[in-house]
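Q: One structure is given below, represented as structure tokens, and several questions about it will come after.
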Amino acid sequence: MALGDFMAASRFSQSTAAVSNHLEEFSANGNHVEEDGVRSVYSSSSINNNSNARDLSETASSSYAAMTTTTSMAYLPQTVVFCELRHDGFEDCMPSGPSDSGLVSKWRPRDRMKTGCVALVLCLNISVDPPDVIKISPCARMECWIDPFSMAPQKALETIGRTLSQQYERWQPKARYKYSLDPTVEEVKKLCTTCRKYAKSERVLFHYNGHGVPKPTPSGEIWLFNKSYTQYIPLPISDLDSWLKTPSIYVFDCSAAGLIVNAFIELQEYSTSSSGSSMRDCILLAACEAHETLPQSAEFPADVFTSCLTTPIKMALRWFCTRSLLHESLDYSLIDRIPGRQTDRKTLLGELNWIFTAVTDTIAWNVLPHDLFQRLFRQDLLVASLFRNFLLAERIMRSANSPISYPMLPSTHQHHMWDAWDMAAEICLSQLPTLVEDPNAEFQPSPFFTEQLTAFEVWLDHGSEHKKPPEQLPIVLQVLLSQCHRFRALVLLGRFLDMGPWAVDLALSVGIFPYVLKLLQTTTPELRQILVFIWTKILALDKSCQVDLVKDGGHTYFIRFLDSVEAYPEQRAMAAFVLAVIVDGHRRGQEACIEAGLIHVCLKHLQGTSPSEAQTEPLFLQWICLCLGKLWEDFLEGQMLGLQADAPAILAPLLSEPQPEVRAAAVFALGTALDVGFDTSRDGPGDEDYDDDEKIRAEAGIIKNLLNIVSDGSPLVRAEVAVALSRFAFGHNKHLKSVAAAYWKPQSGSVLTSLPSFTFKGSGSGYTTPTHYMPHGSIVPSPVAPLLRVGNDSQVVARDGRVSTSSPLAATGVMHGSPLSDDSSQHSDSGALNECVSNGVLNHSMRRPLDNALYSQCVLAMCNLAKDPSPRVASLGRRVLAIIGIEQVVAKSIKTSGMSSRPGESTTTASTSLAGLARSSSWFELNGGHLPLTFRTPPVSPPRPSYLTGMRRVCSLEFRPHLMNSPDSGLADPLLGSAGASGVSERSFLPQSMIYNWSCGHFSKPLLTAMDDSEEIIARREEREKLALDHIVKCQHSSVSKLHNQIASWDTKFETGTKTALLQPFSPVVIASDENERIRVWNYEEATLLNSFNNHDYPDKGVSKLCLVNELDENLLLVASNDGNIRIWKDYTSKGQQKLVSAFASIQGHRPGVRSVNAVVDWQQQSGYLAASQVHGGQFAAGFVDGYVRLYDIRTPEMLVSATRPHTQRVERVVGIGFQPGLEPAKIVSASQAGNIQFLDMRCAKDAYLTIDAHRGSLTALAVHRHAPLIASGSAKQLIKVFNLEGDPLGTIRYYPTFMAQKIGSVSCLTFHPYQVLLAAGAADACVSIYADEISPPR
């Protein structure tokens, strides 16, 4: 969607939420892009105006006058937000990207083979019939279409042998052919051994024609001759097998050939059971079953089986003619004179051969099991041809006997595709006489392929994954060979591949790959787009094709396409995707693409010489960035070329693009441009010449750009920033560690001052505090957070969990292999890597430092990421901190321990396990770090009510991956090995980027069929709109409403009372939250608790506001915390099913702990604004601590429209503010803590036009109904008052001490139902009550 998530359709809105603000100061931070196209607008006035707002409409909300009709759609937002792919489970998904294995690689022929040698053995003994054959008359005589009695026997024998050899050569011209005529056993042995010797490991074909010898013996021996032709000599099949070995294929054309096959199978079974070896690769084709004799009918040749296998077209047409209506009019001799060549598809013979291939291939693909089809029809050209022709033999010989094969094939002689063949044959034969008489006559091509493509198209219109696959797929493959049908076939193939990975797998297994690979060598312009689409689909499923593409130079095709002007940006995005897959982790691909100038092509499209030329299609920008990132990932030469081409400066502007995917991809490209030292192609430490000032400057530039968006609104982007910073941390480990150590030194006035001071450097004088020593990421209810543990303090933690005192060992004795081993791992005093650690890590320690300010900013940014509102980003942030040796331990204050003190984060971090990081030198952590949570230790300082997040500097083993990986040998040190080996082991340390794999998912989904909203969703939406409009009309015309009937009351069981509540518009559901950010969802009609969950597991708690996003659709719950963090949940009404859609910090520049902060938030659906106040159209109003009310309009550059100070009697802070019901843009209701409610018209903001003195002081909440003329205010003195817009009191709900009366506590929040006259009130005693005008409100 081009406009991000917010298709702003309608501009008008009413908001209901009461707001307040406890902030007196704010540091302006410029414009900041927030999640999903919501922008944060900062004003530098005295309010922390943390509003995320973005107006997508030029016409904004200029005409309110048109809104006279009460039922106008203006009341109902038309936008739907947070419904993109990235919002669907970003937190839990681990996208895998294109696969290297699995479903995919099954399609590849396991080992392409070819038949290298063919041995033809003919035992014809012409003019002497074998004793066991009684011939009929007339009898079949032809051998290889030659009548042996038409010439002298010896000459006939030689002619037949030569002809058979030529017939086979047509199918496999490159093999070596040898024939042996009427041979002895010795000659056959010599022939076999010579063939095997020549073929080496290739396949040998052994063809045996036994028409002049007796049938095989029951034990499967075949007959040959003695030297003088006076005897028949048997040859056991086992001897033959031992001479020919494997792989081999046998053709037996003799009576009772099944006996040989049976004997062979027995031999196979015996040899596998005795030797335990696997089945040998032997294939057999035999002319008939064990009990059958060959057909003797004169309509067939004598070697009908061989003729079917070697001259199928001639055989098929002769057989067809006898059964067709043409048999009277057609002269059989014409069949031998069919014009053309078999290999030329534009001739009659060529087309017949082509159709025959397509038909037999299709039958085989539809009938055979997948593996068998691959083995027989895709591995070896000659075997494939023989088996295609074997299907014909089965059809033709059925009437007399049945040919058999090993492996066995299912019966195919009645397959309906034979009808299509018969029809094609008939059409061809009907043209034959004309073509033979007149060589210049025009040949009419058969409609066969056009019709089959139409059948495929029909399947595409109605088929699906769950129906039978389209049987025309092999025909589509054949059609790719012909130029006239090629374009249509490719388009249909593209449609098929788009149906999903299963379709791609089917197409690949049918054998499409070599065809589409070959097509990349064509230059036909109209094929380009569809070929790019097809390759996109193939590579989205199977990455392994990258090797074939580079080998065949296919990458240049896509680079040219990427650079072409006429293609649409979406199509060029596909080309960029294909190129990204080609270079993904494939060094040869990276080199080839860099040679072909891909870097400059990509950068050129990102720049554009004029703004009009610059690309704007987000998908294209995203993939150009991802392609660049993959191109130079861990490839030093690519990184250097990118830096020389000024890539960071060209990528930087993309960091402020509206689409999060584009921003994340740009971060990825910048991050992979940082050299981490993983390039395995460099030679040892001779890299100083790279380490020049330019590179340092470029890296600093990249980091500065990344630091600007470390608090981006989209978790997708922040996750990539964390990954990029981890690469930087890896490269500049030493400097960051020393900065971090200085940064985390204790500040005066902090809790740490109660401890003796400690040093960071120094050998073993670290200080250990006896607090909880916890595995990473768990939360302990502890009165005080654990402290910094700094330096090589070599402390030993006993296995039972007690902490021993720190016992300094020798200066370099870091706990390494065992609790006591003084290993020789060199540690310099500063805790940085010693210079003498070789190769892989050497690069890091030779880095020249950037300026310290930048390092400090980095450490700060990393800490912010580790506390990110999105659990996934936070876990990445913690891994980055671990790289620079800081470990964060979160502690809850004693106050909350009564609640759930479960180890919170550990549930979310389990997925991104930190096992790869050796974070501490203690034996305890090397052994998995499990401690019982039971032991308690005295607090080091008095408990304090604030929540502490302790940061701990751990003396870590400077990044030694093997400590965790090889528990058995803690001493083997892969880092001291070659750079190549260390590159692999270190690799697993860095958090891996997700954006590339995640983005690849886009292309494996259907791209051609618009995934439109299903009718069900639209119907539900229309029904809700109608309902809402009915209610709005009722509200606007509602009579005086007292709202004193309590229809429901719910004890939320919140320990700290209800902080905020919200009513769902279309279901009887109320959502409430307490100070500790526990959210509970309750059905007030059935009085059941639907769900209860924690908004997050951080210690700083406090909810500011709940809002509903997408009211009319699948609504989402927006939870704003006091610290300005926004989290958006979906499926929150189902128990335990809630999913975090997005999370971001709305307040930037606020340092936690500086002042208690209470963010103020309101959401407006129409425009997609998230603002720090009441939003209305393009305007929002805010009330301040000093009693001011200011109105802002985000369409004006200076924002502030007017400011007024209506609360004059006693200046106290503004507690609630809201736009009045109806669509008047400037009429505002404001309530002060002093108890007065002022009605303001901001157009003449001198003073209020109406004042209500509602409560004497202690006013705590204000609610303004969105549509009905109602205002409610609540007081700490346990009463709620309801007024109309004229200021008349309509009623009071108060605390009655009488029996059965409504009890209300000190009112903490009030909220109206958006479309009905219902009021929900939350009280400090954890009760939520719902009031209506009558007892049962209409739903």
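Identifiers in the structure tokens: chain A, B, ... in order shown; residue index from 1 per chain; ligand index from 1 in order shown.
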Might you pull out every residue within 10 Å of Ala1272 (chain A), with only C-alpha atoms counted and same-chain residues fewer than 6 positions away left off, and present them as a list in words?

A: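 Listing them by chain and then by number gives Leu1043, Ala1254, Ala1261, Leu1262, Ala1263, Val1264, His1265, Ile1280, Lys1281, Val1282, Phe1283, Asn1284, Pro1289, Leu1290, Gly1291, Thr1292, Leu1310, Thr1311, Phe1312, Leu1319 and Ala1321 of chain A.
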
Q: Can you write just those residues out, N, CA, C and O atoms, as a compact mmCIF listing (two decimals), in the first residue's frame?

A:
# COMPACT_ATOMS: atom_id res chain seq x y z
N LEU A 1043 -28.22 8.70 33.76
CA LEU A 1043 -27.13 7.74 33.85
C LEU A 1043 -26.91 7.23 35.27
O LEU A 1043 -25.78 7.08 35.69
N ALA A 1254 -18.13 22.22 39.35
CA ALA A 1254 -18.65 20.87 39.53
C ALA A 1254 -18.32 20.34 40.92
O ALA A 1254 -19.17 19.80 41.62
N ALA A 1261 -11.45 13.29 37.22
CA ALA A 1261 -11.62 12.73 35.88
C ALA A 1261 -12.71 13.48 35.14
O ALA A 1261 -13.66 13.98 35.75
N LEU A 1262 -12.57 13.54 33.82
CA LEU A 1262 -13.58 14.19 32.99
C LEU A 1262 -13.82 13.28 31.77
O LEU A 1262 -12.87 12.72 31.22
N ALA A 1263 -15.08 13.13 31.37
CA ALA A 1263 -15.36 12.39 30.14
C ALA A 1263 -16.38 13.18 29.34
O ALA A 1263 -17.34 13.71 29.89
N VAL A 1264 -16.15 13.29 28.03
CA VAL A 1264 -17.09 13.98 27.14
C VAL A 1264 -17.58 12.94 26.15
O VAL A 1264 -16.78 12.23 25.54
N HIS A 1265 -18.90 12.82 26.00
CA HIS A 1265 -19.42 11.80 25.06
C HIS A 1265 -19.11 12.22 23.63
O HIS A 1265 -19.12 13.39 23.30
N ILE A 1280 -19.84 11.07 41.10
CA ILE A 1280 -19.73 11.38 39.68
C ILE A 1280 -20.90 12.29 39.35
O ILE A 1280 -22.04 12.01 39.74
N LYS A 1281 -20.63 13.40 38.63
CA LYS A 1281 -21.72 14.29 38.23
C LYS A 1281 -21.84 14.28 36.72
O LYS A 1281 -20.84 14.23 36.00
N VAL A 1282 -23.10 14.36 36.23
CA VAL A 1282 -23.34 14.36 34.79
C VAL A 1282 -24.02 15.67 34.42
O VAL A 1282 -24.95 16.12 35.07
N PHE A 1283 -23.48 16.31 33.36
CA PHE A 1283 -24.03 17.60 32.90
C PHE A 1283 -24.34 17.51 31.42
O PHE A 1283 -23.80 16.68 30.70
N ASN A 1284 -25.22 18.47 30.96
CA ASN A 1284 -25.37 18.59 29.51
C ASN A 1284 -24.52 19.76 29.02
O ASN A 1284 -23.82 20.39 29.81
N PRO A 1289 -26.94 20.37 35.49
CA PRO A 1289 -26.64 19.07 36.08
C PRO A 1289 -27.78 18.09 35.77
O PRO A 1289 -28.95 18.42 35.95
N LEU A 1290 -27.42 16.90 35.29
CA LEU A 1290 -28.44 15.91 34.95
C LEU A 1290 -28.58 14.87 36.05
O LEU A 1290 -29.57 14.17 36.13
N GLY A 1291 -27.55 14.71 36.84
CA GLY A 1291 -27.68 13.69 37.88
C GLY A 1291 -26.35 13.49 38.58
O GLY A 1291 -25.30 13.95 38.13
N THR A 1292 -26.40 12.80 39.69
CA THR A 1292 -25.19 12.53 40.47
C THR A 1292 -25.19 11.06 40.86
O THR A 1292 -26.21 10.52 41.26
N LEU A 1310 -13.00 7.85 34.02
CA LEU A 1310 -14.37 7.82 33.46
C LEU A 1310 -14.24 7.66 31.95
O LEU A 1310 -13.36 8.25 31.33
N THR A 1311 -15.12 6.87 31.37
CA THR A 1311 -15.11 6.80 29.91
C THR A 1311 -16.52 6.49 29.42
O THR A 1311 -17.24 5.71 30.02
N PHE A 1312 -16.92 7.15 28.32
CA PHE A 1312 -18.22 6.89 27.71
C PHE A 1312 -18.08 5.84 26.62
O PHE A 1312 -17.03 5.72 25.99
N LEU A 1319 -21.78 4.77 30.60
CA LEU A 1319 -20.60 5.38 31.24
C LEU A 1319 -19.91 4.32 32.09
O LEU A 1319 -20.55 3.64 32.88
N ALA A 1321 -17.01 3.72 34.96
CA ALA A 1321 -16.23 4.47 35.94
C ALA A 1321 -15.33 3.51 36.69
O ALA A 1321 -15.77 2.47 37.15

Q: Quick one: of A:Val880, A:Cys625, A:Met574, A:Ile1217, who's nearest to Ala719 (chain A), counting only C-alpha atoms?

A: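 Residue with the minimum atom-to-atom distance to Ala719 (chain A): A:Val880.
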
Q: List the spatial neighbours of Ile594 (chain A) as a ChimeraX atom specification - criterion: any atom at most 12 Å away, only C-alpha atoms, same-chain residues fewer than 3 positions off excluded.

A: /A:555-556,559,579,582-583,587-591,597-602,627-628,630-632,635-642

Q: Tell me, in Å to one decimal, how far CA of Leu854 (chain A) is from CA of Ile709 (chain A).

A: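 Separating CA of Leu854 (chain A) from CA of Ile709 (chain A) is a distance of 14.7 Å.
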
Q: With a distance cut-off of 8 Å and only C-alpha atoms, select the neighbouring residues of Gln167 (chain A), excluding the residue or stretch itself and same-chain residues fewer than 3 positions from it, and output the selection as a ChimeraX atom specification.

A: /A:163-164,170-171,310-311

Q: If you keep C-alpha atoms, can you produce a file of those selected residues as a PDB file, in the first residue's frame?

A:
ATOM      1  CA  THR A 163      20.689 -50.345 -38.651  1.00  0.00           C
ATOM      2  CA  LEU A 164      19.936 -51.134 -35.003  1.00  0.00           C
ATOM      3  CA  ARG A 170      19.192 -41.171 -32.838  1.00  0.00           C
ATOM      4  CA  TRP A 171      18.381 -41.155 -29.091  1.00  0.00           C
ATOM      5  CA  THR A 310      13.908 -47.337 -31.213  1.00  0.00           C
ATOM      6  CA  THR A 311      11.512 -46.141 -33.953  1.00  0.00           C
TER       7      THR A 311
END

Q: Considering only C-alpha atoms, return as a PyMOL selection string whatever protein or nucleic-acid residues lie within 10 Å of His415 (chain A), sequence-local ones (same chain, fewer than 6 positions apart) excluded.

A: chain A and resi 360+363-364+366-367+395

Q: Report as a PyMOL selection string all protein, DNA and RNA residues lying within 7 Å of Ile1032 (chain A), evaluated on only C-alpha atoms, omitting residues in the same chain fewer than 4 positions from it.

A: chain A and resi 1028+1036+1267+1315

Q: Mind listing the strand (DSSP E or B) residues of region 119-218 of chain A, per DSSP on the backbone, as a list in words?

A: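 These are the residues in question: Ala119, Leu120, Val121, Leu122, Glu143, Ile146, Arg176, Tyr177, Lys178, Tyr179, Ser180, Leu181, Thr184, Arg203, Val204, Leu205, Phe206, His207, Tyr208 and Asn209 of chain A.
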
Q: What lies within 10 Å of region 1081-1083 of chain A using only C-alpha atoms, ignoring chain neighbours under 3 positions off, as a list in words?

A: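 The filter keeps Ala1048, Trp1050, Thr1052, Ala1061, Leu1062, Leu1063, Gln1064, Ser1067, Pro1068, Val1069, Val1070, Ile1071, Ala1072, Ser1073, Glu1086, Ala1087, Thr1088, Leu1089, Leu1090, Asn1091, Ser1092, Phe1093, Tyr1132, Thr1133, Ser1134 and Lys1135 of chain A.
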
Q: My list of candidates is A:Ala316, A:Ala1332, A:Leu1270, A:Ala1120. Which is closest to Cys1035 (chain A) when distances are computed with only C-alpha atoms?

A: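 Smallest separation from Cys1035 (chain A) among the options: A:Leu1270.
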
Q: I'd like the interatomic distance between CA of Leu352 (chain A) and CA of Pro109 (chain A), to a tenth of an Å.

A: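 One can read the CA of Leu352 (chain A) to CA of Pro109 (chain A) distance as 27.5 Å.
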